[in-house]
Amino acid sequence: MGAEWYCMIEGRVEGPVSDQGLRHLAGSGRLAPTDQVRRGGEGAWVAASRCRGLFEAGGDARDGQAAGAPLAGVNTASACVSPEEKKKRFGVYAINALIWTFLALLIVGTMGAILIFYGVGWLLNRMLAEYHVRKLQAAGVTATPRQFPEVAAALRAVCDHFGIADPPRTIILNSGDMNAFALKFARKRVLVLLTPFLEGSLGSPAELRFILGHELGHTMLDHGFRGVFEIYKPASYRAARELTCDACGCAAAGDPTSAKTALKRIVAGNELHPRLDEAELAGQAEAIYAGLTGWLLKQYLTYPPIGKRLTSISRFFEGHA
């Protein structure tokens with residue numbers, strides 16, 4: 001007797017179907033590479049793209065949409081700035097201008113002596129930068145065209161899209177967390193992917209581009225010239241910046257479904273994320289931000305609720321349809 005498969009298509013579980021039935025769903029376009037499937041009633045949910053041979057023969061329209069390509073014309077971080085960040089930028093820039101004015105007066109008042117301490121710190125940071133990067137590499141695995149070529153190809157595509165000539169080193173670390181993050185040591189930039197997320201998204205180029213585009217957004221903004229200027233960044237501004245970086249990820253992914261799936265995977269895991277209901281999450285986000293308690297949370301939360309982020313993704317793609 002052949003295997004029985006269950007599919008998660010547009011939030012609904014379908015099945016069981018046979019091997020032939022699964023191939024028919026893929027060939028007809030009802031099952032996309034980013035949809036979730038599992039073998040048997042107790043198997044783990046995985047992306048359909050990870051089923052060998054399922055999409056190679058002929059493909060389908062949804063396959064093309066899921067793999068997709070970055071959004072043409074949206075190839076700078078400035079084009080991805082969220083409305084929430086735009087609202088806060090003037091106040092943040094004004095305060096940072098005052099801080100830099102104070103520092104300039106301090107340098108003049110100390111006749112430049114304070115620059116000696118700054119210079120020593122800068123020199124030590126430059127000297128130890130490569131040490132810190134290689135320490136991370138020693139703890140994990142560096143993605144290269146020969147090792148994790150899917151990650152290397154996605155990174156190259158996103159860097160080409162945003163005009164980044166020197167791609168940051170991308171290191172895969174084994175961890176129980178479902179996340180990714182960008183780091184900077186002096187002029188050395190590193191992207192770190194944690195294994196639980198990578199295990200679920202390795203078969204989806206668009207999901208990989210979303211998370212890499214998000215982290216490269218931090219590299220371009222938080223770790224670039226603007227990041228140097230922004231000494232003062234309140235939590236609410238950093239939360240708004242997360243929405244901007246989500247938009248960078250959307251531009252890199254080129255596909256709203258894959259962008260949302262990647263984000264859902266981060267907050268709920270590889271097995272549970274297909275059960276997330278976007279309308280329910282949006283309502284929960286509004287409840288979290290409601291009233292005086294919600295206002296206080298906005299002052300301290302550096303990450304918006306998942307429902308807010310999914311809504312922002314929908315809004316971004318609607319604006320660039």
# chains A, B, ... in the order shown; residues from 1 in each chain; ligands from 1

call {"tool": "select_by_dssp", "arguments": {"residues": "range 88-308 of chain A", "states": "strand (DSSP E)", "output": "PDB file with C-alpha atoms, in the first residue's frame"}}
result
ATOM      1  CA  VAL A 141      29.264  26.487   9.449  1.00  0.00           C
ATOM      2  CA  THR A 142      29.803  29.139   6.776  1.00  0.00           C
ATOM      3  CA  ARG A 169      29.621  36.180   5.527  1.00  0.00           C
ATOM      4  CA  THR A 170      26.655  33.994   6.387  1.00  0.00           C
ATOM      5  CA  ILE A 171      27.132  31.589   9.273  1.00  0.00           C
ATOM      6  CA  ILE A 172      24.794  28.781  10.280  1.00  0.00           C
ATOM      7  CA  LEU A 173      24.661  28.056  14.006  1.00  0.00           C
ATOM      8  CA  ALA A 180      18.305  34.947  12.258  1.00  0.00           C
ATOM      9  CA  PHE A 181      20.223  38.137  12.954  1.00  0.00           C
ATOM     10  CA  ALA A 182      22.795  40.542  11.560  1.00  0.00           C
ATOM     11  CA  LEU A 183      26.006  41.502  13.360  1.00  0.00           C
ATOM     12  CA  LYS A 184      28.730  44.061  12.770  1.00  0.00           C
ATOM     13  CA  PHE A 185      32.273  43.988  14.112  1.00  0.00           C
ATOM     14  CA  LYS A 188      33.011  43.211   9.225  1.00  0.00           C
ATOM     15  CA  ARG A 189      29.366  42.300   8.630  1.00  0.00           C
ATOM     16  CA  VAL A 190      27.937  38.868   9.370  1.00  0.00           C
ATOM     17  CA  LEU A 191      24.542  37.239   8.922  1.00  0.00           C
ATOM     18  CA  VAL A 192      23.682  34.388  11.261  1.00  0.00           C
ATOM     19  CA  LEU A 193      21.020  31.789  10.449  1.00  0.00           C
ATOM     20  CA  LEU A 194      19.922  29.424  13.200  1.00  0.00           C
TER      21      LEU A 194
END

call {"tool": "residues_around", "arguments": {"residues": "Val13 in chain A", "least_positions_apart": "3", "cutoff": "10 Å", "atoms": "only C-alpha atoms", "output": "list in words"}}
result
Tyr6, Cys7, Met8, Ile9, Glu10, Pro16, Gln36, Val37, Pro274 and Arg275 of chain A

call {"tool": "write_last_selection", "arguments": {"atoms": "C-alpha atoms", "output": "mmCIF file, in the first residue's frame"}}
result
data_model
loop_
_atom_site.group_PDB
_atom_site.id
_atom_site.type_symbol
_atom_site.label_atom_id
_atom_site.label_comp_id
_atom_site.auth_asym_id
_atom_site.auth_seq_id
_atom_site.Cartn_x
_atom_site.Cartn_y
_atom_site.Cartn_z
ATOM 1 C CA TYR A 6 -1.811 15.299 4.098
ATOM 2 C CA CYS A 7 -1.510 18.802 2.647
ATOM 3 C CA MET A 8 -1.977 22.246 4.205
ATOM 4 C CA ILE A 9 -3.374 24.380 1.366
ATOM 5 C CA GLU A 10 -4.490 27.952 2.091
ATOM 6 C CA PRO A 16 -5.195 11.648 2.867
ATOM 7 C CA GLN A 36 3.097 22.192 3.826
ATOM 8 C CA VAL A 37 2.754 18.409 3.508
ATOM 9 C CA PRO A 274 0.534 26.432 9.145
ATOM 10 C CA ARG A 275 -2.105 26.674 11.901
#

call {"tool": "closest_residue", "arguments": {"among": "A:Val46, A:Ala165, A:Cys80, A:Cys250", "to": "Gly203 in chain A", "atoms": "only C-alpha atoms"}}
result
A:Val46

call {"tool": "closest_residue", "arguments": {"among": "A:Ala206, A:Leu292, A:Leu301, A:Ala259", "to": "Asp246 in chain A", "atoms": "only C-alpha atoms"}}
result
A:Ala259

call {"tool": "residues_around", "arguments": {"residues": "Ile95 in chain A", "least_positions_apart": "3", "cutoff": "12 Å", "atoms": "only C-alpha atoms", "output": "list in words"}}
result
Lys88, Arg89, Phe90, Gly91, Val92, Leu98, Ile99, Trp100, Thr101, Phe102, Phe229, Glu230, Ile231, Tyr232, Lys233 and Pro234 of chain A

call {"tool": "residues_around", "arguments": {"residues": "Thr311 in chain A", "least_positions_apart": "4", "cutoff": "12 Å", "atoms": "only C-alpha atoms", "output": "PDB file with N, CA and C atoms, in the first residue's frame"}}
result
ATOM      1  N   SER A  82       9.116  51.892   6.275  1.00  0.00           N
ATOM      2  CA  SER A  82       7.724  51.726   6.694  1.00  0.00           C
ATOM      3  C   SER A  82       7.105  53.072   7.073  1.00  0.00           C
ATOM      4  N   LEU A 243       9.730  46.776  10.834  1.00  0.00           N
ATOM      5  CA  LEU A 243       8.773  46.753   9.731  1.00  0.00           C
ATOM      6  C   LEU A 243       9.438  47.178   8.424  1.00  0.00           C
ATOM      7  N   ASP A 246      11.357  44.195   7.325  1.00  0.00           N
ATOM      8  CA  ASP A 246      10.419  43.234   6.747  1.00  0.00           C
ATOM      9  C   ASP A 246      10.118  43.607   5.299  1.00  0.00           C
ATOM     10  N   ALA A 247       9.963  44.903   5.035  1.00  0.00           N
ATOM     11  CA  ALA A 247       9.704  45.357   3.661  1.00  0.00           C
ATOM     12  C   ALA A 247      10.900  45.063   2.758  1.00  0.00           C
ATOM     13  N   PRO A 256       4.350  37.432  -1.557  1.00  0.00           N
ATOM     14  CA  PRO A 256       3.781  37.670  -0.231  1.00  0.00           C
ATOM     15  C   PRO A 256       3.575  36.407   0.585  1.00  0.00           C
ATOM     16  N   ALA A 259       6.897  35.332   2.019  1.00  0.00           N
ATOM     17  CA  ALA A 259       7.330  36.280   3.046  1.00  0.00           C
ATOM     18  C   ALA A 259       6.581  36.024   4.351  1.00  0.00           C
ATOM     19  N   LYS A 260       5.277  35.833   4.257  1.00  0.00           N
ATOM     20  CA  LYS A 260       4.488  35.583   5.462  1.00  0.00           C
ATOM     21  C   LYS A 260       4.817  34.227   6.069  1.00  0.00           C
ATOM     22  N   LEU A 263       7.971  34.433   8.110  1.00  0.00           N
ATOM     23  CA  LEU A 263       7.747  35.134   9.372  1.00  0.00           C
ATOM     24  C   LEU A 263       6.965  34.251  10.344  1.00  0.00           C
ATOM     25  N   GLU A 278      -4.261  34.545  10.181  1.00  0.00           N
ATOM     26  CA  GLU A 278      -3.801  35.930  10.064  1.00  0.00           C
ATOM     27  C   GLU A 278      -4.789  36.929  10.648  1.00  0.00           C
ATOM     28  N   ALA A 279      -6.088  36.698  10.428  1.00  0.00           N
ATOM     29  CA  ALA A 279      -7.082  37.619  10.967  1.00  0.00           C
ATOM     30  C   ALA A 279      -7.060  37.609  12.494  1.00  0.00           C
ATOM     31  N   GLU A 280      -6.907  36.434  13.080  1.00  0.00           N
ATOM     32  CA  GLU A 280      -6.832  36.331  14.533  1.00  0.00           C
ATOM     33  C   GLU A 280      -5.579  37.033  15.062  1.00  0.00           C
ATOM     34  N   LEU A 281      -4.474  36.853  14.368  1.00  0.00           N
ATOM     35  CA  LEU A 281      -3.221  37.488  14.796  1.00  0.00           C
ATOM     36  C   LEU A 281      -3.310  39.006  14.691  1.00  0.00           C
ATOM     37  N   ALA A 282      -3.975  39.499  13.648  1.00  0.00           N
ATOM     38  CA  ALA A 282      -4.148  40.949  13.506  1.00  0.00           C
ATOM     39  C   ALA A 282      -4.981  41.500  14.654  1.00  0.00           C
ATOM     40  N   GLY A 283      -6.029  40.768  15.040  1.00  0.00           N
ATOM     41  CA  GLY A 283      -6.848  41.192  16.169  1.00  0.00           C
ATOM     42  C   GLY A 283      -6.073  41.180  17.473  1.00  0.00           C
ATOM     43  N   GLN A 284      -5.218  40.171  17.648  1.00  0.00           N
ATOM     44  CA  GLN A 284      -4.400  40.102  18.860  1.00  0.00           C
ATOM     45  C   GLN A 284      -3.418  41.277  18.913  1.00  0.00           C
ATOM     46  N   ALA A 285      -2.868  41.651  17.759  1.00  0.00           N
ATOM     47  CA  ALA A 285      -1.940  42.791  17.728  1.00  0.00           C
ATOM     48  C   ALA A 285      -2.649  44.071  18.154  1.00  0.00           C
ATOM     49  N   GLU A 286      -3.871  44.273  17.674  1.00  0.00           N
ATOM     50  CA  GLU A 286      -4.628  45.464  18.069  1.00  0.00           C
ATOM     51  C   GLU A 286      -4.913  45.457  19.565  1.00  0.00           C
ATOM     52  N   PRO A 304       7.494  44.475  16.745  1.00  0.00           N
ATOM     53  CA  PRO A 304       6.033  44.541  16.695  1.00  0.00           C
ATOM     54  C   PRO A 304       5.446  43.136  16.831  1.00  0.00           C
ATOM     55  N   PRO A 305       4.196  43.011  17.286  1.00  0.00           N
ATOM     56  CA  PRO A 305       3.536  41.701  17.317  1.00  0.00           C
ATOM     57  C   PRO A 305       3.442  41.109  15.915  1.00  0.00           C
ATOM     58  N   ILE A 306       3.384  39.789  15.847  1.00  0.00           N
ATOM     59  CA  ILE A 306       3.366  39.092  14.562  1.00  0.00           C
ATOM     60  C   ILE A 306       2.211  39.569  13.683  1.00  0.00           C
ATOM     61  N   GLY A 307       1.031  39.812  14.295  1.00  0.00           N
ATOM     62  CA  GLY A 307      -0.108  40.270  13.510  1.00  0.00           C
ATOM     63  C   GLY A 307       0.151  41.598  12.827  1.00  0.00           C
ATOM     64  N   ARG A 315       0.266  45.135   3.274  1.00  0.00           N
ATOM     65  CA  ARG A 315       0.206  46.530   2.836  1.00  0.00           C
ATOM     66  C   ARG A 315       1.345  46.850   1.872  1.00  0.00           C
ATOM     67  N   PHE A 316       2.521  46.318   2.132  1.00  0.00           N
ATOM     68  CA  PHE A 316       3.668  46.573   1.256  1.00  0.00           C
ATOM     69  C   PHE A 316       3.405  46.025  -0.135  1.00  0.00           C
ATOM     70  N   PHE A 317       2.946  44.767  -0.225  1.00  0.00           N
ATOM     71  CA  PHE A 317       2.714  44.175  -1.546  1.00  0.00           C
ATOM     72  C   PHE A 317       1.546  44.837  -2.266  1.00  0.00           C
ATOM     73  N   GLU A 318       0.531  45.273  -1.529  1.00  0.00           N
ATOM     74  CA  GLU A 318      -0.574  45.997  -2.162  1.00  0.00           C
ATOM     75  C   GLU A 318      -0.081  47.309  -2.778  1.00  0.00           C
TER      76      GLU A 318
END

call {"tool": "residues_around", "arguments": {"residues": "Arg209 in chain A", "least_positions_apart": "5", "cutoff": "12 Å", "atoms": "only C-alpha atoms", "output": "VMD selection string"}}
result
chain A and resid 66 to 71 150 to 162 198 201 to 204 214 to 217 246 to 256 258 to 259 262 to 263

call {"tool": "write_last_selection", "arguments": {"atoms": "N, CA and C atoms", "output": "tab-separated table (two decimals), in the first residue's frame"}}
result
chain	number	residue	atom	x	y	z
A	66	ALA	N	5.99	31.11	-6.37
A	66	ALA	CA	6.60	30.88	-5.07
A	66	ALA	C	8.10	31.08	-5.14
A	67	ALA	N	8.73	30.51	-6.20
A	67	ALA	CA	10.17	30.69	-6.32
A	67	ALA	C	10.46	32.15	-6.64
A	68	GLY	N	9.73	32.65	-7.65
A	68	GLY	CA	9.70	34.08	-7.95
A	68	GLY	C	11.05	34.72	-8.14
A	69	ALA	N	11.03	36.03	-8.01
A	69	ALA	CA	12.23	36.84	-8.14
A	69	ALA	C	11.99	38.10	-7.33
A	70	PRO	N	13.05	38.78	-6.92
A	70	PRO	CA	12.88	40.05	-6.19
A	70	PRO	C	12.05	41.05	-6.97
A	71	LEU	N	11.40	41.96	-6.25
A	71	LEU	CA	10.55	42.96	-6.87
A	71	LEU	C	11.39	43.97	-7.67
A	150	GLU	N	22.08	26.59	-1.60
A	150	GLU	CA	20.79	27.30	-1.65
A	150	GLU	C	20.89	28.65	-0.94
A	151	VAL	N	21.57	28.66	0.21
A	151	VAL	CA	21.73	29.89	0.97
A	151	VAL	C	22.63	30.86	0.22
A	152	ALA	N	23.73	30.34	-0.33
A	152	ALA	CA	24.67	31.19	-1.06
A	152	ALA	C	24.00	31.81	-2.29
A	153	ALA	N	23.17	31.02	-2.99
A	153	ALA	CA	22.49	31.54	-4.17
A	153	ALA	C	21.47	32.61	-3.78
A	154	ALA	N	20.71	32.37	-2.71
A	154	ALA	CA	19.72	33.34	-2.26
A	154	ALA	C	20.40	34.63	-1.82
A	155	LEU	N	21.53	34.51	-1.11
A	155	LEU	CA	22.26	35.69	-0.66
A	155	LEU	C	22.78	36.49	-1.84
A	156	ARG	N	23.32	35.79	-2.84
A	156	ARG	CA	23.84	36.49	-4.01
A	156	ARG	C	22.73	37.24	-4.75
A	157	ALA	N	21.55	36.60	-4.84
A	157	ALA	CA	20.42	37.23	-5.53
A	157	ALA	C	19.97	38.48	-4.80
A	158	VAL	N	19.91	38.42	-3.46
A	158	VAL	CA	19.45	39.57	-2.68
A	158	VAL	C	20.49	40.69	-2.74
A	159	CYS	N	21.76	40.34	-2.63
A	159	CYS	CA	22.82	41.37	-2.70
A	159	CYS	C	22.83	42.04	-4.07
A	160	ASP	N	22.65	41.26	-5.13
A	160	ASP	CA	22.58	41.85	-6.47
A	160	ASP	C	21.39	42.80	-6.58
A	161	HIS	N	20.27	42.41	-5.98
A	161	HIS	CA	19.07	43.23	-6.05
A	161	HIS	C	19.27	44.58	-5.38
A	162	PHE	N	19.95	44.57	-4.22
A	162	PHE	CA	20.15	45.81	-3.46
A	162	PHE	C	21.48	46.50	-3.79
A	198	LEU	N	16.40	27.38	9.19
A	198	LEU	CA	16.99	26.95	7.93
A	198	LEU	C	16.46	25.58	7.53
A	201	SER	N	13.13	26.12	5.82
A	201	SER	CA	13.05	27.01	4.66
A	201	SER	C	14.05	26.70	3.56
A	202	LEU	N	14.89	25.70	3.76
A	202	LEU	CA	15.96	25.45	2.80
A	202	LEU	C	15.42	25.15	1.40
A	203	GLY	N	14.23	24.55	1.34
A	203	GLY	CA	13.65	24.21	0.03
A	203	GLY	C	12.86	25.33	-0.60
A	204	SER	N	12.79	26.50	0.03
A	204	SER	CA	12.02	27.62	-0.51
A	204	SER	C	12.93	28.82	-0.74
A	214	HIS	N	15.65	40.74	4.98
A	214	HIS	CA	15.37	41.42	6.24
A	214	HIS	C	16.67	41.75	6.97
A	215	GLU	N	17.55	40.77	7.09
A	215	GLU	CA	18.79	41.01	7.82
A	215	GLU	C	19.72	41.96	7.06
A	216	LEU	N	19.71	41.90	5.74
A	216	LEU	CA	20.51	42.86	4.98
A	216	LEU	C	19.94	44.26	5.13
A	217	GLY	N	18.62	44.36	5.37
A	217	GLY	CA	18.04	45.67	5.68
A	217	GLY	C	18.67	46.26	6.92
A	246	ASP	N	11.36	44.20	7.32
A	246	ASP	CA	10.42	43.23	6.75
A	246	ASP	C	10.12	43.61	5.30
A	247	ALA	N	9.96	44.90	5.04
A	247	ALA	CA	9.70	45.36	3.66
A	247	ALA	C	10.90	45.06	2.76
A	248	CYS	N	12.11	45.21	3.29
A	248	CYS	CA	13.30	44.83	2.51
A	248	CYS	C	13.26	43.34	2.18
A	249	GLY	N	12.85	42.54	3.16
A	249	GLY	CA	12.71	41.10	2.93
A	249	GLY	C	11.65	40.81	1.88
A	250	CYS	N	10.53	41.56	1.92
A	250	CYS	CA	9.47	41.38	0.93
A	250	CYS	C	9.99	41.70	-0.48
A	251	ALA	N	10.73	42.79	-0.60
A	251	ALA	CA	11.29	43.16	-1.91
A	251	ALA	C	12.22	42.07	-2.42
A	252	ALA	N	12.95	41.44	-1.51
A	252	ALA	CA	13.88	40.37	-1.90
A	252	ALA	C	13.13	39.10	-2.26
A	253	ALA	N	12.08	38.79	-1.51
A	253	ALA	CA	11.32	37.55	-1.76
A	253	ALA	C	10.51	37.65	-3.03
A	254	GLY	N	9.84	38.78	-3.22
A	254	GLY	CA	9.00	38.96	-4.40
A	254	GLY	C	7.69	38.21	-4.34
A	255	ASP	N	7.38	37.61	-3.20
A	255	ASP	CA	6.17	36.79	-3.08
A	255	ASP	C	5.58	36.94	-1.69
A	256	PRO	N	4.35	37.43	-1.56
A	256	PRO	CA	3.78	37.67	-0.23
A	256	PRO	C	3.57	36.41	0.59
A	258	SER	N	5.30	33.58	0.55
A	258	SER	CA	6.58	33.09	1.09
A	258	SER	C	7.08	34.02	2.20
A	259	ALA	N	6.90	35.33	2.02
A	259	ALA	CA	7.33	36.28	3.05
A	259	ALA	C	6.58	36.02	4.35
A	262	ALA	N	7.68	32.64	5.98
A	262	ALA	CA	8.96	32.75	6.67
A	262	ALA	C	8.78	33.39	8.05
A	263	LEU	N	7.97	34.43	8.11
A	263	LEU	CA	7.75	35.13	9.37
A	263	LEU	C	6.97	34.25	10.34

call {"tool": "closest_residue", "arguments": {"among": "A:Gly121, A:Pro196, A:Pro83, A:Gly140", "to": "Arg241 in chain A", "atoms": "only C-alpha atoms"}}
result
A:Pro83

call {"tool": "closest_residue", "arguments": {"among": "A:Ala268, A:Lys87, A:Asn179, A:Pro167", "to": "Ser236 in chain A", "atoms": "only C-alpha atoms"}}
result
A:Lys87
